[in-house]
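Chemist: Next up, upload.csv (CSV, C-alpha atoms and all ligand atoms).
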chain,number,residue,atom,x,y,z
A,1,MET,CA,-24.4,5.7,46.4
A,2,ILE,CA,-26.8,8.7,46.1
A,3,ASN,CA,-29.0,8.4,43.0
A,4,ILE,CA,-30.0,11.7,41.4
A,5,VAL,CA,-32.5,11.8,38.5
A,6,ILE,CA,-31.9,14.6,36.1
A,7,LEU,CA,-34.9,15.9,34.2
A,8,PRO,CA,-33.4,18.5,31.8
A,9,GLY,CA,-36.7,19.2,30.1
A,10,ASP,CA,-37.0,21.7,27.3
A,11,GLY,CA,-35.7,25.1,26.1
A,12,ILE,CA,-32.9,26.3,28.3
A,13,GLY,CA,-33.6,23.5,30.8
A,14,PRO,CA,-30.8,21.2,29.4
A,15,GLU,CA,-28.2,24.0,29.3
A,16,VAL,CA,-28.8,25.2,32.9
A,17,THR,CA,-29.0,21.7,34.4
A,18,THR,CA,-25.8,20.7,32.6
A,19,GLU,CA,-23.9,23.5,34.5
A,20,ALA,CA,-25.5,22.5,37.8
A,21,VAL,CA,-24.7,18.8,37.3
A,22,ARG,CA,-21.0,19.6,36.4
A,23,CYS,CA,-20.7,21.4,39.8
A,24,LEU,CA,-22.2,18.4,41.6
A,25,GLU,CA,-19.9,16.0,39.8
A,26,LEU,CA,-16.9,18.0,40.8
A,27,LEU,CA,-18.0,18.0,44.4
A,28,SER,CA,-18.8,14.3,44.3
A,29,ARG,CA,-15.3,13.5,43.0
A,30,ALA,CA,-13.6,15.8,45.5
A,31,ARG,CA,-15.5,14.6,48.5
A,32,GLY,CA,-16.3,11.0,47.6
A,33,LEU,CA,-20.0,11.7,47.8
A,34,GLY,CA,-20.9,8.8,45.4
A,35,LEU,CA,-23.5,10.9,43.5
A,36,ARG,CA,-24.8,9.0,40.5
A,37,PHE,CA,-26.8,10.8,37.8
A,38,THR,CA,-29.3,9.4,35.4
A,39,GLY,CA,-31.1,11.6,32.8
A,40,HIS,CA,-34.7,11.0,31.8
A,41,HIS,CA,-37.2,12.4,29.3
A,42,PHE,CA,-39.6,14.9,30.8
A,43,GLY,CA,-41.9,17.7,29.6
A,44,GLY,CA,-41.9,18.3,25.9
A,45,ALA,CA,-38.9,15.9,25.6
A,46,GLY,CA,-41.2,13.3,27.2
A,47,ILE,CA,-44.0,14.0,24.7
A,48,ASP,CA,-41.5,13.6,21.8
A,49,ALA,CA,-40.0,10.4,23.0
A,50,HIS,CA,-42.9,8.7,24.7
A,51,GLY,CA,-46.1,10.7,23.9
A,52,ASP,CA,-46.3,11.6,27.6
A,53,PRO,CA,-44.7,14.6,29.4
A,54,LEU,CA,-44.2,12.3,32.4
A,55,PRO,CA,-43.4,8.9,30.9
A,56,ALA,CA,-43.9,5.9,33.3
A,57,SER,CA,-40.2,5.1,33.1
A,58,THR,CA,-39.3,8.7,34.2
A,59,LEU,CA,-41.8,8.6,37.1
A,60,ALA,CA,-40.5,5.2,38.3
A,61,ALA,CA,-36.9,6.5,38.2
A,62,CYS,CA,-37.9,9.6,40.2
A,63,LYS,CA,-39.7,7.6,42.8
A,64,ALA,CA,-36.6,5.3,43.2
A,65,ALA,CA,-34.2,8.2,43.4
A,66,ASN,CA,-32.7,10.1,46.4
A,67,ALA,CA,-33.4,13.5,44.7
A,68,VAL,CA,-34.6,14.9,41.4
A,69,LEU,CA,-33.0,17.9,39.7
A,70,LEU,CA,-35.2,19.5,37.1
A,71,GLY,CA,-34.5,22.2,34.4
A,72,ALA,CA,-37.7,23.6,32.9
A,73,VAL,CA,-40.5,22.5,30.6
A,74,GLY,CA,-42.6,23.9,27.8
A,75,GLY,CA,-42.5,25.7,24.5
A,76,ASP,CA,-44.7,26.7,21.6
A,77,LYS,CA,-43.9,23.4,19.8
A,78,TRP,CA,-46.3,21.6,22.2
A,79,ASP,CA,-49.1,24.2,22.4
A,80,GLU,CA,-51.5,22.0,20.5
A,81,ALA,CA,-50.4,18.7,22.1
A,82,PRO,CA,-53.2,16.8,23.8
A,83,ILE,CA,-51.3,17.0,27.0
A,84,ARG,CA,-48.9,20.0,27.5
A,85,PRO,CA,-45.4,19.7,29.0
A,86,GLU,CA,-46.6,21.7,32.0
A,87,ALA,CA,-49.1,19.0,32.9
A,88,GLY,CA,-46.1,16.7,33.5
A,89,LEU,CA,-44.7,19.2,35.9
A,90,LEU,CA,-47.9,19.4,37.9
A,91,ARG,CA,-48.2,15.6,37.9
A,92,ILE,CA,-44.7,14.9,39.2
A,93,ARG,CA,-45.2,17.3,42.0
A,94,ALA,CA,-48.4,15.5,43.0
A,95,GLU,CA,-47.0,12.0,42.4
A,96,LEU,CA,-44.1,12.8,44.8
A,97,GLY,CA,-46.3,14.5,47.3
A,98,LEU,CA,-44.3,17.7,47.1
A,99,TYR,CA,-46.7,20.1,48.7
A,100,ALA,CA,-44.1,22.7,49.9
A,101,ASN,CA,-42.1,24.8,47.4
A,102,LEU,CA,-39.4,26.9,49.0
A,103,ARG,CA,-38.2,29.9,46.9
A,104,PRO,CA,-35.5,32.0,48.6
A,105,ALA,CA,-34.9,35.5,47.1
A,106,ARG,CA,-32.2,38.0,48.1
A,107,ILE,CA,-29.9,40.6,46.7
A,108,TYR,CA,-26.5,39.1,45.9
A,109,LYS,CA,-23.4,41.1,46.7
A,110,GLY,CA,-22.1,42.5,43.4
A,111,LEU,CA,-25.6,42.8,41.9
A,112,GLU,CA,-26.7,45.9,43.9
A,113,ASP,CA,-27.1,47.8,40.6
A,114,ALA,CA,-29.1,45.1,38.8
A,115,SER,CA,-32.3,45.7,40.7
A,116,PRO,CA,-35.0,47.7,38.9
A,117,LEU,CA,-35.8,49.2,42.3
A,118,ARG,CA,-33.9,52.1,43.9
A,119,ALA,CA,-31.0,50.8,46.0
A,120,ASP,CA,-32.5,52.3,49.2
A,121,LEU,CA,-35.6,50.2,48.7
A,122,ALA,CA,-34.0,47.0,47.5
A,123,GLN,CA,-30.8,46.6,49.5
A,124,GLY,CA,-31.1,44.0,52.2
A,125,THR,CA,-34.0,42.2,50.7
A,126,ASP,CA,-34.0,38.6,51.9
A,127,VAL,CA,-37.3,36.7,51.5
A,128,LEU,CA,-38.3,33.1,51.6
A,129,VAL,CA,-41.5,32.3,49.7
A,130,VAL,CA,-43.2,29.2,51.0
A,131,ARG,CA,-45.6,28.3,48.3
A,132,GLU,CA,-48.3,25.6,48.6
A,133,LEU,CA,-47.6,23.4,45.6
A,134,THR,CA,-50.2,20.6,45.1
A,135,GLY,CA,-53.5,22.3,45.7
A,136,GLY,CA,-55.5,25.3,44.6
A,137,LEU,CA,-56.4,26.3,41.1
A,138,TYR,CA,-53.6,24.4,39.4
A,139,PHE,CA,-55.1,21.1,40.6
A,140,GLY,CA,-58.9,21.8,40.5
A,141,ALA,CA,-61.3,20.4,38.0
A,142,ARG,CA,-61.4,22.4,34.7
A,143,THR,CA,-64.0,22.8,32.1
A,144,TYR,CA,-63.5,24.3,28.7
A,145,SER,CA,-65.5,25.2,25.6
A,146,ASP,CA,-64.9,28.0,23.2
A,147,GLU,CA,-67.8,29.8,24.9
A,148,ALA,CA,-67.2,29.2,28.6
A,149,ALA,CA,-64.5,27.8,30.9
A,150,SER,CA,-63.9,27.2,34.6
A,151,ASP,CA,-61.2,26.3,37.0
A,152,LEU,CA,-62.0,25.1,40.5
A,153,CYS,CA,-60.0,26.3,43.5
A,154,SER,CA,-60.2,24.3,46.6
A,155,TYR,CA,-58.2,23.8,49.8
A,156,SER,CA,-58.8,21.6,52.8
A,157,ARG,CA,-57.8,22.3,56.4
A,158,PRO,CA,-55.1,19.6,56.4
A,159,GLU,CA,-53.5,21.0,53.2
A,160,ILE,CA,-53.3,24.5,54.8
A,161,GLU,CA,-52.1,23.2,58.1
A,162,ARG,CA,-49.2,21.2,56.8
A,163,ILE,CA,-47.8,24.1,54.6
A,164,ALA,CA,-48.4,26.5,57.5
A,165,HIS,CA,-46.2,24.4,59.8
A,166,ILE,CA,-43.4,24.4,57.2
A,167,ALA,CA,-43.6,28.2,56.9
A,168,PHE,CA,-43.7,28.8,60.7
A,169,HIS,CA,-40.7,26.4,61.2
A,170,ALA,CA,-38.8,28.3,58.5
A,171,ALA,CA,-39.6,31.6,60.1
A,172,ARG,CA,-38.5,30.4,63.5
A,173,GLY,CA,-35.0,29.7,62.0
A,174,ARG,CA,-34.9,33.1,60.3
A,175,ARG,CA,-36.1,36.6,61.4
A,176,ARG,CA,-39.3,35.3,62.9
A,177,LYS,CA,-41.7,37.2,60.7
A,178,LEU,CA,-44.3,35.5,58.7
A,179,CYS,CA,-46.7,37.2,56.3
A,180,SER,CA,-49.5,35.1,55.0
A,181,VAL,CA,-50.9,36.2,51.7
A,182,ASP,CA,-54.4,35.5,50.5
A,183,LYS,CA,-57.5,37.1,49.1
A,184,ALA,CA,-59.8,36.6,52.1
A,185,ASN,CA,-61.9,39.6,51.3
A,186,VAL,CA,-63.3,37.7,48.2
A,187,LEU,CA,-62.3,34.0,48.1
A,188,ALA,CA,-63.7,31.2,50.3
A,189,THR,CA,-60.5,29.3,50.1
A,190,SER,CA,-58.6,32.4,51.3
A,191,LYS,CA,-61.1,32.8,54.2
A,192,LEU,CA,-60.3,29.3,55.4
A,193,TRP,CA,-56.6,29.8,54.7
A,194,ARG,CA,-56.5,32.9,57.0
A,195,LYS,CA,-58.5,31.2,59.7
A,196,VAL,CA,-56.3,28.1,59.7
A,197,VAL,CA,-53.0,30.0,59.5
A,198,SER,CA,-54.1,32.2,62.4
A,199,GLU,CA,-54.9,29.0,64.5
A,200,ILE,CA,-51.5,27.4,63.7
A,201,ALA,CA,-49.8,30.6,64.8
A,202,ALA,CA,-50.8,29.9,68.4
A,203,GLY,CA,-48.2,27.1,68.4
A,204,TYR,CA,-45.4,29.5,67.3
A,205,PRO,CA,-45.7,32.5,69.7
A,206,GLU,CA,-42.1,33.6,68.9
A,207,VAL,CA,-43.1,34.2,65.2
A,208,GLU,CA,-44.9,37.5,64.4
A,209,LEU,CA,-47.7,36.7,62.0
A,210,SER,CA,-49.2,39.3,59.6
A,211,HIS,CA,-51.7,38.9,56.7
A,212,LEU,CA,-51.9,40.7,53.4
A,213,TYR,CA,-54.3,40.5,50.5
A,214,VAL,CA,-52.4,39.4,47.4
A,215,ASP,CA,-53.0,42.6,45.5
A,216,ALA,CA,-51.5,44.7,48.4
A,217,ALA,CA,-48.7,42.1,48.7
A,218,ALA,CA,-47.8,42.6,45.1
A,219,MET,CA,-47.5,46.3,45.7
A,220,ALA,CA,-45.6,46.0,49.0
A,221,LEU,CA,-43.0,43.7,47.4
A,222,VAL,CA,-41.8,46.5,45.2
A,223,THR,CA,-42.3,49.4,47.7
A,224,ARG,CA,-40.9,47.8,50.9
A,225,PRO,CA,-39.4,44.3,50.1
A,226,ARG,CA,-37.1,44.5,53.1
A,227,ASP,CA,-40.0,44.3,55.5
A,228,PHE,CA,-40.6,40.6,54.5
A,229,ASP,CA,-39.0,37.6,56.0
A,230,VAL,CA,-41.1,34.5,55.1
A,231,ILE,CA,-44.2,34.8,52.8
A,232,LEU,CA,-46.6,31.9,53.1
A,233,THR,CA,-49.1,31.6,50.3
A,234,GLU,CA,-51.1,29.3,48.1
A,235,ASN,CA,-50.1,27.8,44.8
A,236,LEU,CA,-51.1,30.5,42.2
A,237,PHE,CA,-50.2,33.5,44.3
A,238,GLY,CA,-46.8,32.0,45.2
A,239,ASP,CA,-46.1,31.4,41.6
A,240,ILE,CA,-46.8,35.0,40.6
A,241,LEU,CA,-45.2,36.7,43.7
A,242,SER,CA,-42.0,34.7,43.5
A,243,ASP,CA,-41.5,35.8,39.8
A,244,GLU,CA,-42.0,39.4,40.9
A,245,LEU,CA,-39.7,39.0,43.8
A,246,SER,CA,-37.0,37.4,41.7
A,247,VAL,CA,-36.4,40.5,39.6
A,248,ILE,CA,-35.9,42.7,42.7
A,249,GLY,CA,-32.6,40.8,42.9
A,250,GLY,CA,-31.9,41.4,39.2
A,251,SER,CA,-33.3,38.4,37.3
A,252,ILE,CA,-35.6,35.4,37.4
A,253,GLY,CA,-32.5,33.4,36.3
A,254,LEU,CA,-31.0,33.7,39.8
A,255,LEU,CA,-33.6,31.9,41.9
A,256,GLY,CA,-33.5,28.2,42.8
A,257,SER,CA,-36.2,26.3,44.6
A,258,ALA,CA,-36.8,23.1,46.6
A,259,SER,CA,-40.0,21.2,46.5
A,260,VAL,CA,-40.4,19.0,49.5
A,261,GLY,CA,-42.9,17.4,51.8
A,262,GLY,CA,-43.3,13.9,50.3
A,263,ASP,CA,-42.1,10.6,51.8
A,264,GLY,CA,-39.7,10.1,48.9
A,265,PRO,CA,-37.2,12.4,47.0
A,266,GLY,CA,-37.4,16.1,46.9
A,267,LEU,CA,-37.4,18.0,43.6
A,268,PHE,CA,-35.1,20.9,42.9
A,269,GLU,CA,-35.5,23.4,40.1
A,270,PRO,CA,-34.9,27.0,39.2
A,271,ILE,CA,-38.1,29.0,39.3
A,272,HIS,CA,-37.9,30.1,35.7
A,273,GLY,CA,-39.5,28.5,32.7
A,274,SER,CA,-37.9,27.1,29.5
A,275,ALA,CA,-37.3,30.6,27.9
A,276,PRO,CA,-37.6,29.3,24.3
A,277,PRO,CA,-36.1,32.4,22.7
A,278,LEU,CA,-32.8,31.8,24.6
A,279,ALA,CA,-32.6,28.0,24.0
A,280,GLY,CA,-29.5,26.6,22.4
A,281,LYS,CA,-27.7,29.9,22.4
A,282,ASP,CA,-25.6,29.4,25.6
A,283,VAL,CA,-26.9,32.7,27.0
A,284,ALA,CA,-29.2,31.5,29.8
A,285,ASN,CA,-28.3,32.3,33.4
A,286,PRO,CA,-27.6,28.9,35.2
A,287,ALA,CA,-27.4,30.5,38.7
A,288,GLY,CA,-30.9,29.4,39.6
A,289,ALA,CA,-30.2,25.8,38.6
A,290,ILE,CA,-26.9,25.9,40.6
A,291,ALA,CA,-28.7,27.4,43.6
A,292,SER,CA,-31.2,24.6,43.3
A,293,ALA,CA,-28.4,22.0,43.3
A,294,ALA,CA,-27.1,23.6,46.5
A,295,MET,CA,-30.6,23.3,48.1
A,296,MET,CA,-30.6,19.7,47.0
A,297,LEU,CA,-27.3,19.0,48.8
A,298,THR,CA,-28.7,20.5,52.0
A,299,GLU,CA,-31.8,18.3,51.7
A,300,LEU,CA,-29.6,15.2,51.1
A,301,GLY,CA,-27.9,15.9,54.5
A,302,LEU,CA,-24.7,17.4,52.9
A,303,PRO,CA,-24.9,21.0,54.3
A,304,GLU,CA,-21.1,21.6,54.1
A,305,CYS,CA,-21.1,20.7,50.4
A,306,ALA,CA,-24.1,22.9,49.9
A,307,GLN,CA,-22.3,25.8,51.6
A,308,LEU,CA,-19.2,25.3,49.4
A,309,LEU,CA,-21.3,25.5,46.3
A,310,THR,CA,-23.3,28.5,47.5
A,311,VAL,CA,-20.2,30.4,48.4
A,312,SER,CA,-18.7,29.6,45.0
A,313,LEU,CA,-21.8,30.9,43.3
A,314,GLU,CA,-21.8,34.0,45.4
A,315,ARG,CA,-18.1,34.7,44.6
A,316,THR,CA,-18.7,34.2,40.9
A,317,ILE,CA,-21.4,36.8,41.0
A,318,GLU,CA,-19.4,39.1,43.1
A,319,GLU,CA,-16.5,38.9,40.7
A,320,GLY,CA,-18.7,40.4,38.1
A,321,HIS,CA,-19.5,37.5,35.8
A,322,ARG,CA,-22.9,38.3,34.4
A,323,THR,CA,-25.0,36.6,31.8
A,324,ALA,CA,-27.1,38.6,29.3
A,325,ASP,CA,-30.2,38.9,31.6
A,326,LEU,CA,-28.0,40.9,34.0
A,327,GLY,CA,-26.5,43.0,31.2
A,328,GLY,CA,-23.3,41.0,30.8
A,329,THR,CA,-21.7,38.9,28.1
A,330,THR,CA,-20.7,35.8,30.1
A,331,ARG,CA,-22.1,32.7,28.4
A,332,CYS,CA,-24.1,30.1,30.4
A,333,SER,CA,-21.2,27.6,30.1
A,334,GLU,CA,-18.6,30.1,31.0
A,335,PHE,CA,-20.5,31.1,34.1
A,336,GLY,CA,-20.7,27.5,35.2
A,337,ALA,CA,-17.0,27.1,34.6
A,338,ARG,CA,-16.2,30.1,36.8
A,339,VAL,CA,-18.4,28.7,39.6
A,340,ARG,CA,-16.4,25.5,39.3
A,341,ASP,CA,-13.1,27.4,39.4
A,342,ASN,CA,-14.3,28.9,42.7
A,343,LEU,CA,-15.5,25.6,43.9
A,344,ARG,CA,-12.1,24.0,43.4
A,345,PHE,CA,-10.6,26.9,45.3
A,346,GLU,CA,-13.1,26.5,48.2
A,347,LEU,CA,-12.5,22.7,48.3
A,348,ALA,CA,-8.8,23.2,48.5
A,349,ARG,CA,-9.2,25.9,51.1
A,350,SER,CA,-11.5,23.8,53.3
A,351,GLU,CA,-9.1,20.8,52.9
A,352,ALA,CA,-6.2,22.9,54.0
A,353,GLY,CA,-8.3,24.3,56.8
A,354,GLU,CA,-7.1,27.8,55.8
A,355,ARG,CA,-8.9,31.0,55.8
A,356,ARG,CA,-8.6,33.1,52.7
A,357,VAL,CA,-7.3,36.6,53.2
A,358,ALA,CA,-9.8,38.9,51.7
B,1,LIG,N1,-41.0,25.3,36.0
B,1,LIG,C1,-41.2,25.3,34.7
B,1,LIG,O1,-40.8,24.4,34.0
B,1,LIG,C2,-41.9,26.5,34.1
B,1,LIG,C3,-42.2,26.4,32.7
B,1,LIG,N2,-42.8,27.5,32.1
B,1,LIG,C4,-43.0,27.4,30.7
B,1,LIG,O2,-41.8,28.0,30.0
B,1,LIG,C5,-42.3,28.5,28.8
B,1,LIG,C6,-41.8,30.0,28.7
B,1,LIG,O3,-42.6,30.7,29.6
B,1,LIG,P1,-42.4,32.2,30.0
B,1,LIG,O4,-43.6,32.7,30.5
B,1,LIG,O5,-41.7,32.9,28.9
B,1,LIG,O6,-41.4,32.2,31.3
B,1,LIG,P2,-39.9,32.0,31.4
B,1,LIG,O7,-39.5,31.9,32.8
B,1,LIG,O8,-39.4,30.9,30.5
B,1,LIG,O9,-39.3,33.4,30.8
B,1,LIG,C7,-39.7,34.6,31.3
B,1,LIG,C8,-38.6,35.7,31.0
B,1,LIG,O10,-37.4,35.4,31.8
B,1,LIG,C9,-36.3,35.1,31.0
B,1,LIG,N3,-35.6,34.0,31.6
B,1,LIG,C10,-36.1,32.9,32.2
B,1,LIG,N4,-35.2,32.1,32.6
B,1,LIG,C11,-34.0,32.7,32.4
B,1,LIG,C12,-32.6,32.4,32.6
B,1,LIG,N5,-32.3,31.3,33.3
B,1,LIG,N6,-31.7,33.2,32.2
B,1,LIG,C13,-32.0,34.3,31.5
B,1,LIG,N7,-33.3,34.7,31.3
B,1,LIG,C14,-34.2,33.9,31.7
B,1,LIG,C15,-36.9,34.8,29.6
B,1,LIG,O11,-36.0,35.1,28.6
B,1,LIG,C16,-38.1,35.7,29.6
B,1,LIG,O12,-37.8,37.0,29.2
B,1,LIG,C17,-43.8,28.3,28.7
B,1,LIG,O13,-44.0,27.1,28.0
B,1,LIG,C18,-44.2,28.1,30.1
B,1,LIG,O14,-45.3,27.4,30.3
B,1,LIG,C19,-43.0,28.7,32.8
B,1,LIG,C20,-42.7,28.7,34.1
B,1,LIG,C21,-42.1,27.7,34.9
B,2,LIG,C1,-45.4,26.0,34.6
B,2,LIG,C2,-46.4,25.9,35.8
B,2,LIG,C3,-47.0,24.6,35.9
B,2,LIG,C4,-45.8,26.3,37.1
B,2,LIG,C5,-44.9,27.5,37.3
B,2,LIG,O1,-44.9,28.5,36.6
B,2,LIG,C6,-44.0,27.4,38.4
B,2,LIG,O2,-44.0,26.4,39.1
B,2,LIG,O3,-43.2,28.3,38.5
B,3,MG,MG,-43.8,30.1,37.6
Please go through the file and, once you have read it, give me the structure as structure tokens.
Ligand SMILES: NC(=O)C1=CN([C@@H]2O[C@H](COP(=O)(O)OP(=O)(O)OC[C@H]3O[C@@H](n4cnc5c(N)ncnc54)[C@H](O)[C@@H]3O)[C@@H](O)[C@H]2O)C=CC1
Ligand SMILES: CC(C)CC(=O)C(=O)O
Ligand SMILES: [Mg+2]
Modeler:
Amino acid sequence: MINIVILPGDGIGPEVTTEAVRCLELLSRARGLGLRFTGHHFGGAGIDAHGDPLPASTLAACKAANAVLLGAVGGDKWDEAPIRPEAGLLRIRAELGLYANLRPARIYKGLEDASPLRADLAQGTDVLVVRELTGGLYFGARTYSDEAASDLCSYSRPEIERIAHIAFHAARGRRRKLCSVDKANVLATSKLWRKVVSEIAAGYPEVELSHLYVDAAAMALVTRPRDFDVILTENLFGDILSDELSVIGGSIGLLGSASVGGDGPGLFEPIHGSAPPLAGKDVANPAGAIASAAMMLTELGLPECAQLLTVSLERTIEEGHRTADLGGTTRCSEFGARVRDNLRFELARSEAGERRVA
């Protein structure tokens, strides 16, 4: 039995996670994986039900699970709450020790026209953002009054070393190029970041290391995205740059992510937020949630099942099924159903050991 905790969260979170879970259920039945799903309140839904975005019962269930699949949290409704839904997200990342957030971005076949960039700039973009997830500004002490406010940014050498190793390992298995992004011309944390990353590079001579300041990186991502293979960066910069990178492929709704590094379960979530204006309308793009589910299967040691789901998602996109964010009319639930149609086909094909004639 593989126990998976589902945290649908708020806004479009429940809609996109439903489609991802249905794909996983299909795979589990077909392959006898023994996946068992239990849903728990989280984010705004946690505040409404328990007065806490990360209720104790939810945290206990996550810690006991094999993996956690998350939708998204937040919304205006909780703007004035003493603890915002987003605080629950930060807490669960810290509680599970998930210091590494992997966000792969690429141009899907069939979406070549969906990029806001000229095709000659965008085509072939395939980047993995390795974002430090439990340090930096999001976790520093804050002060606030209506006259002055502050946020503390700090990083220690071990925090930088461990995320750098993850990124160098990833680069070694890809095109062996790693760009570390910081603001070392201004920030003390970035100065240490650059020094430590450069030292770690000595252990990975086959990986070509470069450094960019974050402002220049933001520019380079839209002028020469294909030059990047792995981007290693700190929490805030990774959050911002991965949203930027996602639209080069057409939409933020396409990107999944894996948060790993702890002793317990990993957490898998699309990179987008709860998109309140889209909630309840069956129009959100569930591709990022489905891609996150595929990343979860890989992490659970089921790479073949992950591949079947990835191929099914790719084929659905290639067939031209597009949700509204990509200029189409396919509903969220319909898109999920088409992925499952393709998944049934892939399962049958792999069982028959046949190759499909293109
Ligand atoms: N991981 C999480 O749970 C995150 C939560 N948030 C929260 O979400 C709420 C909304 O934040 P925003 O800044 O608007 O970011 P957002 O990511 O929810 O939306 C940004 C834009 O992308 C669109 N979009 C996002 N996901 C989409 C999808 N799957 N399909 C189609 N279009 C999609 C939205 O309609 C909007 O135009 C806030 O409360 C914010 O704090 C924001 C980012 C991450
Ligand atoms: C909502 C924030 C806590 C984080 C965020 O935007 C993200 O992780 O993508
Ligand atoms: Mg974000």
Chemist: Can you write out as a Markdown table which residues of chain A fall within 12 Å of ligand MG 3 (chain B), alongside each residue's closest atom pair and its distance in Å to one decimal, counting all atoms listed in the file and ordering rows by chain and ascending residue number?
Modeler:
| residue | atom | partner | partner_atom | distance |
| --- | --- | --- | --- | --- |
| A:Ala72 | CA | B:MG3 | MG | 10.1 |
| A:Val73 | CA | B:MG3 | MG | 10.8 |
| A:Gly74 | CA | B:MG3 | MG | 11.7 |
| A:Glu86 | CA | B:MG3 | MG | 10.5 |
| A:Leu89 | CA | B:MG3 | MG | 11.1 |
| A:Leu90 | CA | B:MG3 | MG | 11.5 |
| A:Asn101 | CA | B:MG3 | MG | 11.3 |
| A:Arg103 | CA | B:MG3 | MG | 10.9 |
| A:Arg131 | CA | B:MG3 | MG | 11.0 |
| A:Leu133 | CA | B:MG3 | MG | 11.1 |
| A:Tyr138 | CA | B:MG3 | MG | 11.5 |
| A:Asn235 | CA | B:MG3 | MG | 9.8 |
| A:Leu236 | CA | B:MG3 | MG | 8.6 |
| A:Phe237 | CA | B:MG3 | MG | 9.9 |
| A:Gly238 | CA | B:MG3 | MG | 8.4 |
| A:Asp239 | CA | B:MG3 | MG | 4.8 |
| A:Ile240 | CA | B:MG3 | MG | 6.5 |
| A:Leu241 | CA | B:MG3 | MG | 9.1 |
| A:Ser242 | CA | B:MG3 | MG | 7.7 |
| A:Asp243 | CA | B:MG3 | MG | 6.5 |
| A:Glu244 | CA | B:MG3 | MG | 10.0 |
| A:Leu245 | CA | B:MG3 | MG | 11.6 |
| A:Ser246 | CA | B:MG3 | MG | 10.8 |
| A:Ile252 | CA | B:MG3 | MG | 9.8 |
| A:Gly253 | CA | B:MG3 | MG | 11.8 |
| A:Leu255 | CA | B:MG3 | MG | 11.2 |
| A:Gly256 | CA | B:MG3 | MG | 11.7 |
| A:Ser257 | CA | B:MG3 | MG | 11.0 |
| A:Glu269 | CA | B:MG3 | MG | 11.0 |
| A:Pro270 | CA | B:MG3 | MG | 9.6 |
| A:Ile271 | CA | B:MG3 | MG | 6.0 |
| A:His272 | CA | B:MG3 | MG | 6.2 |
| A:Gly273 | CA | B:MG3 | MG | 6.7 |
| A:Ser274 | CA | B:MG3 | MG | 10.5 |
| A:Ala275 | CA | B:MG3 | MG | 11.7 |
Chemist: Report, as AutoDock Vina command-line options, the axis-aligned box around all atoms of ligand LIG 1 (chain B) present in the file, extended by 8 Å on each side; give centre and edge lengths in Å to one decimal place.
Modeler:
--center_x -38.5 --center_y 30.7 --center_z 32.0 --size_x 29.6 --size_y 28.6 --size_z 24.0
Chemist: Could you tell me how far atom O12 of ligand LIG 1 (chain B) sits from CA of Thr323 in chain A, in Å to one decimal place?
Modeler: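 We find that CA of Thr323 in chain A and atom O12 of ligand LIG 1 (chain B) lie 13.1 Å from each other.
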Chemist: Quick one: residues within 6 Å of range 12-25 of chain A, only C-alpha atoms counted, chain neighbours fewer than 4 positions away excluded, as a ChimeraX atom specification?
Modeler: /A:8,71-72,274,279,286,289-290,336,340
Chemist: Near Leu27 in chain A, within 12 Å and counting all atoms listed in the file, which residues show up once chain neighbours fewer than 4 positions away are dropped, as number ranges by chain?
Modeler: A: 20-23, 31-36, 293-294, 297, 302, 304-309, 312, 339-348
Chemist: Please identify all polymer residues within 6 Å of range 143-156 of chain A, counting all atoms listed in the file, omitting same-chain residues fewer than 5 positions from it, and present them as JSON, numbers by chain.
Modeler: {"A": [136, 137, 189]}
